[in-house]
>>> print(open('query_23.txt').read())   # compact mmCIF, N, CA and C atoms
# COMPACT_ATOMS: atom_id res chain seq x y z
N MET G 10 8.41 21.61 -16.73
CA MET G 10 6.97 21.77 -16.67
C MET G 10 6.63 23.10 -16.02
N ILE G 11 5.68 23.76 -16.56
CA ILE G 11 5.28 25.06 -16.05
C ILE G 11 4.24 24.89 -14.95
N GLY G 12 4.47 25.53 -13.81
CA GLY G 12 3.49 25.53 -12.73
C GLY G 12 3.51 24.30 -11.83
N ILE G 13 4.36 23.32 -12.13
CA ILE G 13 4.43 22.12 -11.30
C ILE G 13 5.79 22.09 -10.62
N LYS G 14 5.77 22.07 -9.30
CA LYS G 14 7.00 22.05 -8.52
C LYS G 14 7.44 20.59 -8.34
N PRO G 15 8.70 20.27 -8.69
CA PRO G 15 9.17 18.90 -8.50
C PRO G 15 9.19 18.55 -7.00
N VAL G 16 8.87 17.31 -6.71
CA VAL G 16 8.83 16.83 -5.33
C VAL G 16 10.01 15.90 -5.12
N SER G 17 10.74 16.10 -4.03
CA SER G 17 11.89 15.23 -3.74
C SER G 17 11.39 13.85 -3.33
N GLU G 18 12.24 12.84 -3.49
CA GLU G 18 11.87 11.49 -3.08
C GLU G 18 11.61 11.44 -1.58
N HIS G 19 12.41 12.17 -0.81
CA HIS G 19 12.21 12.18 0.63
C HIS G 19 10.80 12.67 0.98
N GLU G 20 10.39 13.74 0.34
CA GLU G 20 9.05 14.29 0.60
C GLU G 20 7.96 13.36 0.08
N ARG G 21 8.17 12.80 -1.10
CA ARG G 21 7.17 11.93 -1.73
C ARG G 21 6.95 10.65 -0.93
N PHE G 22 8.02 10.07 -0.40
CA PHE G 22 7.93 8.78 0.30
C PHE G 22 7.95 8.90 1.82
N ASN G 23 7.86 10.11 2.35
CA ASN G 23 7.89 10.32 3.80
C ASN G 23 6.61 9.77 4.43
N THR G 24 6.74 8.78 5.30
CA THR G 24 5.58 8.16 5.94
C THR G 24 5.21 8.85 7.26
N ASN G 25 5.96 9.85 7.65
CA ASN G 25 5.67 10.58 8.87
C ASN G 25 4.79 11.79 8.53
N ARG G 26 3.52 11.53 8.27
CA ARG G 26 2.55 12.57 7.89
C ARG G 26 1.35 12.49 8.82
N PRO G 27 0.82 13.63 9.22
CA PRO G 27 -0.26 13.62 10.21
C PRO G 27 -1.57 13.00 9.73
N ASP G 28 -1.88 13.05 8.43
CA ASP G 28 -3.16 12.54 7.97
C ASP G 28 -2.98 11.39 6.98
N LEU G 29 -1.94 10.58 7.19
CA LEU G 29 -1.65 9.46 6.31
C LEU G 29 -2.78 8.43 6.41
N CYS G 30 -3.23 7.95 5.27
CA CYS G 30 -4.32 6.96 5.24
C CYS G 30 -3.87 5.69 5.97
N PRO G 31 -4.69 5.17 6.86
CA PRO G 31 -4.32 3.96 7.59
C PRO G 31 -4.30 2.71 6.72
N ALA G 32 -4.80 2.79 5.50
CA ALA G 32 -4.79 1.64 4.59
C ALA G 32 -3.49 1.53 3.80
N LEU G 33 -2.62 2.54 3.90
CA LEU G 33 -1.35 2.49 3.19
C LEU G 33 -0.39 1.55 3.93
N ARG G 34 0.25 0.67 3.19
CA ARG G 34 1.19 -0.29 3.77
C ARG G 34 2.54 -0.19 3.09
N TRP G 35 3.59 -0.56 3.84
CA TRP G 35 4.95 -0.62 3.31
C TRP G 35 5.74 -1.60 4.15
N LYS G 36 6.80 -2.12 3.56
CA LYS G 36 7.58 -3.19 4.18
C LYS G 36 8.09 -2.82 5.58
N GLY G 37 8.50 -1.58 5.76
CA GLY G 37 9.06 -1.16 7.05
C GLY G 37 8.11 -1.33 8.22
N GLN G 38 6.81 -1.40 7.97
CA GLN G 38 5.85 -1.61 9.05
C GLN G 38 5.96 -3.01 9.66
N PHE G 39 6.53 -3.93 8.93
CA PHE G 39 6.56 -5.32 9.35
C PHE G 39 7.94 -5.79 9.80
N ILE G 40 8.87 -4.86 9.95
CA ILE G 40 10.21 -5.18 10.41
C ILE G 40 10.32 -4.72 11.86
N LEU G 41 10.51 -5.66 12.74
CA LEU G 41 10.60 -5.35 14.16
C LEU G 41 12.05 -5.11 14.55
N ALA G 42 12.41 -3.85 14.67
CA ALA G 42 13.76 -3.48 15.06
C ALA G 42 13.71 -2.14 15.77
N ASP G 43 14.59 -1.97 16.72
CA ASP G 43 14.69 -0.68 17.41
C ASP G 43 15.27 0.36 16.46
N ASP G 44 14.80 1.59 16.60
CA ASP G 44 15.32 2.68 15.79
C ASP G 44 16.78 2.95 16.15
N ASP G 45 17.62 3.07 15.14
CA ASP G 45 19.04 3.34 15.35
C ASP G 45 19.37 4.64 14.61
N PRO G 46 19.59 5.74 15.34
CA PRO G 46 19.84 7.02 14.69
C PRO G 46 21.13 7.06 13.89
N THR G 47 22.03 6.08 14.07
CA THR G 47 23.28 6.07 13.31
C THR G 47 23.10 5.44 11.93
N VAL G 48 21.96 4.80 11.71
CA VAL G 48 21.69 4.18 10.41
C VAL G 48 20.79 5.10 9.61
N PRO G 49 21.20 5.48 8.40
CA PRO G 49 20.38 6.37 7.58
C PRO G 49 19.03 5.74 7.27
N HIS G 50 17.98 6.56 7.26
CA HIS G 50 16.64 6.09 6.95
C HIS G 50 16.59 5.62 5.50
N SER G 51 16.02 4.48 5.27
CA SER G 51 15.90 3.96 3.92
C SER G 51 14.44 3.65 3.63
N ASN G 52 13.97 4.13 2.50
CA ASN G 52 12.63 3.81 2.08
C ASN G 52 12.69 3.51 0.60
N GLU G 53 12.37 2.29 0.25
CA GLU G 53 12.52 1.84 -1.12
C GLU G 53 11.40 2.32 -2.04
N GLY G 54 10.39 2.94 -1.49
CA GLY G 54 9.29 3.41 -2.32
C GLY G 54 8.32 2.31 -2.70
N LEU G 55 8.32 1.21 -1.94
CA LEU G 55 7.41 0.10 -2.21
C LEU G 55 6.21 0.20 -1.27
N PHE G 56 5.09 0.67 -1.80
CA PHE G 56 3.88 0.87 -1.01
C PHE G 56 2.72 0.17 -1.68
N TRP G 57 1.72 -0.21 -0.88
CA TRP G 57 0.50 -0.79 -1.43
C TRP G 57 -0.69 -0.40 -0.57
N CYS G 58 -1.86 -0.54 -1.16
CA CYS G 58 -3.11 -0.19 -0.48
C CYS G 58 -3.72 -1.46 0.13
N LEU G 59 -4.13 -1.38 1.35
CA LEU G 59 -4.76 -2.51 2.03
C LEU G 59 -6.03 -2.97 1.32
N HIS G 60 -6.76 -2.03 0.72
CA HIS G 60 -8.03 -2.35 0.08
C HIS G 60 -7.87 -3.06 -1.26
N THR G 61 -6.85 -2.68 -2.04
CA THR G 61 -6.66 -3.28 -3.36
C THR G 61 -5.54 -4.31 -3.39
N GLN G 62 -4.66 -4.29 -2.39
CA GLN G 62 -3.49 -5.15 -2.31
C GLN G 62 -2.54 -4.94 -3.49
N THR G 63 -2.56 -3.73 -4.06
CA THR G 63 -1.65 -3.37 -5.14
C THR G 63 -1.11 -1.96 -4.89
N CYS G 64 -0.25 -1.51 -5.79
CA CYS G 64 0.31 -0.16 -5.66
C CYS G 64 -0.66 0.91 -6.18
N ILE G 65 -1.83 0.49 -6.62
CA ILE G 65 -2.87 1.41 -7.09
C ILE G 65 -4.02 1.38 -6.10
N GLY G 66 -4.46 2.56 -5.66
CA GLY G 66 -5.57 2.65 -4.72
C GLY G 66 -6.92 2.41 -5.40
N PRO G 67 -8.00 2.35 -4.64
CA PRO G 67 -9.33 2.13 -5.19
C PRO G 67 -9.77 3.19 -6.20
N ASP G 68 -9.16 4.36 -6.13
CA ASP G 68 -9.52 5.44 -7.06
C ASP G 68 -8.66 5.46 -8.32
N GLY G 69 -7.78 4.47 -8.47
CA GLY G 69 -6.94 4.38 -9.66
C GLY G 69 -5.66 5.18 -9.60
N GLU G 70 -5.38 5.83 -8.46
CA GLU G 70 -4.16 6.62 -8.29
C GLU G 70 -3.12 5.81 -7.51
N LEU G 71 -1.85 6.24 -7.62
CA LEU G 71 -0.77 5.55 -6.91
C LEU G 71 -0.98 5.59 -5.40
N ALA G 72 -0.68 4.48 -4.77
CA ALA G 72 -0.72 4.39 -3.31
C ALA G 72 0.69 4.65 -2.79
N GLU G 73 0.92 5.86 -2.35
CA GLU G 73 2.21 6.24 -1.76
C GLU G 73 1.95 7.43 -0.84
N PRO G 74 2.81 7.66 0.14
CA PRO G 74 2.54 8.70 1.15
C PRO G 74 2.20 10.07 0.58
N GLY G 75 2.87 10.49 -0.47
CA GLY G 75 2.60 11.80 -1.04
C GLY G 75 1.19 11.94 -1.58
N ASN G 76 0.59 10.83 -1.96
CA ASN G 76 -0.78 10.84 -2.49
C ASN G 76 -1.82 10.44 -1.44
N CYS G 77 -1.42 9.71 -0.44
CA CYS G 77 -2.37 9.11 0.51
C CYS G 77 -2.44 9.88 1.84
N CYS G 78 -2.32 11.17 1.77
CA CYS G 78 -2.36 11.97 2.99
C CYS G 78 -3.33 13.14 2.86
N SER G 79 -4.29 13.01 1.96
CA SER G 79 -5.21 14.11 1.72
C SER G 79 -6.65 13.63 1.76
N ALA G 80 -7.46 14.32 2.53
CA ALA G 80 -8.88 14.00 2.58
C ALA G 80 -9.56 14.32 1.26
N GLY G 81 -8.87 15.02 0.35
CA GLY G 81 -9.41 15.31 -0.96
C GLY G 81 -9.45 14.09 -1.87
N ARG G 82 -8.73 13.05 -1.49
CA ARG G 82 -8.76 11.80 -2.26
C ARG G 82 -10.00 11.02 -1.84
N VAL G 83 -10.82 10.62 -2.79
CA VAL G 83 -12.13 10.06 -2.47
C VAL G 83 -12.08 8.79 -1.62
N CYS G 84 -11.03 8.00 -1.76
CA CYS G 84 -10.93 6.75 -0.99
C CYS G 84 -10.22 6.93 0.35
N HIS G 85 -9.76 8.14 0.66
CA HIS G 85 -8.96 8.39 1.85
C HIS G 85 -9.65 7.89 3.12
N LYS G 86 -9.00 6.98 3.80
CA LYS G 86 -9.44 6.38 5.07
C LYS G 86 -10.67 5.49 4.97
N THR G 87 -11.28 5.36 3.78
CA THR G 87 -12.49 4.56 3.67
C THR G 87 -12.36 3.40 2.70
N GLY G 88 -11.59 3.58 1.63
CA GLY G 88 -11.50 2.56 0.60
C GLY G 88 -12.64 2.67 -0.40
N ASN G 89 -13.57 3.58 -0.17
CA ASN G 89 -14.72 3.76 -1.06
C ASN G 89 -14.43 4.81 -2.12
N CYS G 90 -14.99 4.62 -3.27
CA CYS G 90 -14.77 5.58 -4.37
C CYS G 90 -16.07 6.10 -4.96
N GLY G 91 -17.07 6.21 -4.18
CA GLY G 91 -18.30 6.70 -4.78
C GLY G 91 -19.34 7.17 -3.83
>>> encode(input="query_23.txt", output="structure tokens")
Amino acid sequence: MIGIKPVSEHERFNTNRPDLCPALRWKGQFILADDDPTVPHSNEGLFWCLHTQTCIGPDGELAEPGNCCSAGRVCHKTGNCG
């Protein structure tokens, strides 16, 4: 594709982002375990939006960290699309 830079899975699914929407959910949030630096980080890419309860946000776009970290997305932090 011309003009589109491929995004690595690590970058796409990285949940450590400063402006991540608080409505984004993933399984790792509900697992109570101490961080172990000897265990490689695993992220299965299973995310959902708190507002829609699906992998699609209120604006019809995918709910995943790479998409849910921008105030340019109309539903960002509000769940509203209009």
>>> atom_distance(input="query_23.txt", atom1="atom N of Asp28 in chain G", atom2="CA of Gly69 in chain G")
20.7 Å
>>> select_by_dssp(input="query_23.txt", residues="chain G", states="strand (DSSP E)", output="compact mmCIF listing (two decimals) with N, CA and C atoms, keeping the file's coordinate frame")
# COMPACT_ATOMS: atom_id res chain seq x y z
N LEU G 33 -2.62 2.54 3.90
CA LEU G 33 -1.35 2.49 3.19
C LEU G 33 -0.39 1.55 3.93
N ARG G 34 0.25 0.67 3.19
CA ARG G 34 1.19 -0.29 3.77
C ARG G 34 2.54 -0.19 3.09
N TRP G 35 3.59 -0.56 3.84
CA TRP G 35 4.95 -0.62 3.31
C TRP G 35 5.74 -1.60 4.15
N PHE G 56 5.09 0.67 -1.80
CA PHE G 56 3.88 0.87 -1.01
C PHE G 56 2.72 0.17 -1.68
N TRP G 57 1.72 -0.21 -0.88
CA TRP G 57 0.50 -0.79 -1.43
C TRP G 57 -0.69 -0.40 -0.57
N CYS G 58 -1.86 -0.54 -1.16
CA CYS G 58 -3.11 -0.19 -0.48
C CYS G 58 -3.72 -1.46 0.13
>>> closest_residue(input="query_23.txt", among="G:Asn25, G:Gln38, G:Thr87, G:Gln62", to="Pro74 in chain G", atoms="only N, CA and C atoms")
G:Asn25
>>> atom_distance(input="query_23.txt", atom1="atom N of Asp45 in chain G", atom2="atom C of Phe22 in chain G")
17.5 Å
>>> residues_near_point(input="query_23.txt", point="(8.1, 4.3, 0.5)", cutoff="8 Å", atoms="only N, CA and C atoms", output="MDAnalysis selection string")
chainID G and resid 21:24 34:37 51:57 73:74
>>> atom_distance(input="query_23.txt", atom1="CA of Leu41 in chain G", atom2="CA of Glu70 in chain G")
29.4 Å
>>> closest_residue(input="query_23.txt", among="G:Glu20, G:Lys14, G:Thr63, G:Cys30", to="Val83 in chain G", atoms="only C-alpha atoms")
G:Cys30
>>> select_by_dssp(input="query_23.txt", residues="chain G", states="helix (DSSP H, G or I)", output="ChimeraX atom specification")
/G:18-22,36-39
>>> closest_residue(input="query_23.txt", among="G:Cys90, G:Ala32, G:Glu18, G:Pro27", to="His60 in chain G", atoms="only N, CA and C atoms")
G:Ala32
>>> closest_residue(input="query_23.txt", among="G:Asn89, G:Thr47, G:Ser79, G:Ser17", to="Pro67 in chain G", atoms="all atoms listed in the file")
G:Asn89
>>> closest_residue(input="query_23.txt", among="G:Ala42, G:Leu71, G:Cys78, G:Leu59", to="Leu29 in chain G", atoms="all atoms listed in the file")
G:Cys78
>>> closest_residue(input="query_23.txt", among="G:Ile65, G:Asp43, G:Gly75, G:Pro49", to="Val16 in chain G", atoms="only C-alpha atoms")
G:Gly75
>>> decode(input="query_23.txt", residues="range 28-78 of chain G", atoms="C-alpha atoms", output="mmCIF file, in the first residue's frame")
data_model
loop_
_atom_site.group_PDB
_atom_site.id
_atom_site.type_symbol
_atom_site.label_atom_id
_atom_site.label_comp_id
_atom_site.auth_asym_id
_atom_site.auth_seq_id
_atom_site.Cartn_x
_atom_site.Cartn_y
_atom_site.Cartn_z
ATOM 1 C CA ASP G 28 -4.598 9.036 26.303
ATOM 2 C CA LEU G 29 -6.202 5.583 26.165
ATOM 3 C CA CYS G 30 -9.998 5.753 26.333
ATOM 4 C CA PRO G 31 -11.205 4.625 29.776
ATOM 5 C CA ALA G 32 -14.072 2.714 28.117
ATOM 6 C CA LEU G 33 -11.677 0.260 26.438
ATOM 7 C CA ARG G 34 -11.639 -3.135 28.157
ATOM 8 C CA TRP G 35 -9.496 -6.268 27.841
ATOM 9 C CA LYS G 36 -9.161 -9.528 29.730
ATOM 10 C CA GLY G 37 -5.860 -8.580 31.379
ATOM 11 C CA GLN G 38 -7.629 -5.890 33.418
ATOM 12 C CA PHE G 39 -9.520 -8.567 35.319
ATOM 13 C CA ILE G 40 -6.634 -10.897 36.163
ATOM 14 C CA LEU G 41 -5.227 -10.219 39.600
ATOM 15 C CA ALA G 42 -1.567 -11.190 39.532
ATOM 16 C CA ASP G 43 1.704 -9.524 40.392
ATOM 17 C CA ASP G 44 3.816 -8.427 37.448
ATOM 18 C CA ASP G 45 6.584 -10.924 36.715
ATOM 19 C CA PRO G 46 9.346 -9.491 34.490
ATOM 20 C CA THR G 47 10.541 -13.022 33.628
ATOM 21 C CA VAL G 48 7.242 -13.808 31.887
ATOM 22 C CA PRO G 49 6.875 -12.319 28.388
ATOM 23 C CA HIS G 50 3.980 -9.888 27.995
ATOM 24 C CA SER G 51 1.050 -11.491 26.229
ATOM 25 C CA ASN G 52 -1.851 -9.669 24.685
ATOM 26 C CA GLU G 53 -4.310 -11.691 22.687
ATOM 27 C CA GLY G 54 -5.822 -8.681 20.960
ATOM 28 C CA LEU G 55 -9.239 -9.245 22.537
ATOM 29 C CA PHE G 56 -10.679 -5.811 23.320
ATOM 30 C CA TRP G 57 -14.175 -4.415 23.718
ATOM 31 C CA CYS G 58 -15.872 -1.095 24.355
ATOM 32 C CA LEU G 59 -17.664 -0.547 27.650
ATOM 33 C CA HIS G 60 -20.404 1.428 25.867
ATOM 34 C CA THR G 61 -21.259 -1.139 23.172
ATOM 35 C CA GLN G 62 -20.035 -4.326 24.908
ATOM 36 C CA THR G 63 -18.577 -5.433 21.553
ATOM 37 C CA CYS G 64 -15.310 -5.112 19.646
ATOM 38 C CA ILE G 65 -16.867 -2.205 17.711
ATOM 39 C CA GLY G 66 -17.052 1.233 19.322
ATOM 40 C CA PRO G 67 -20.066 3.585 19.180
ATOM 41 C CA ASP G 68 -18.620 5.193 16.045
ATOM 42 C CA GLY G 69 -18.479 1.885 14.143
ATOM 43 C CA GLU G 70 -14.672 1.556 14.354
ATOM 44 C CA LEU G 71 -12.654 -1.219 16.020
ATOM 45 C CA ALA G 72 -12.184 -0.925 19.763
ATOM 46 C CA GLU G 73 -8.482 -1.544 20.298
ATOM 47 C CA PRO G 74 -5.647 0.517 21.814
ATOM 48 C CA GLY G 75 -4.280 1.717 18.483
ATOM 49 C CA ASN G 76 -7.661 3.242 17.651
ATOM 50 C CA CYS G 77 -8.861 4.249 21.119
ATOM 51 C CA CYS G 78 -6.117 6.671 22.084
#
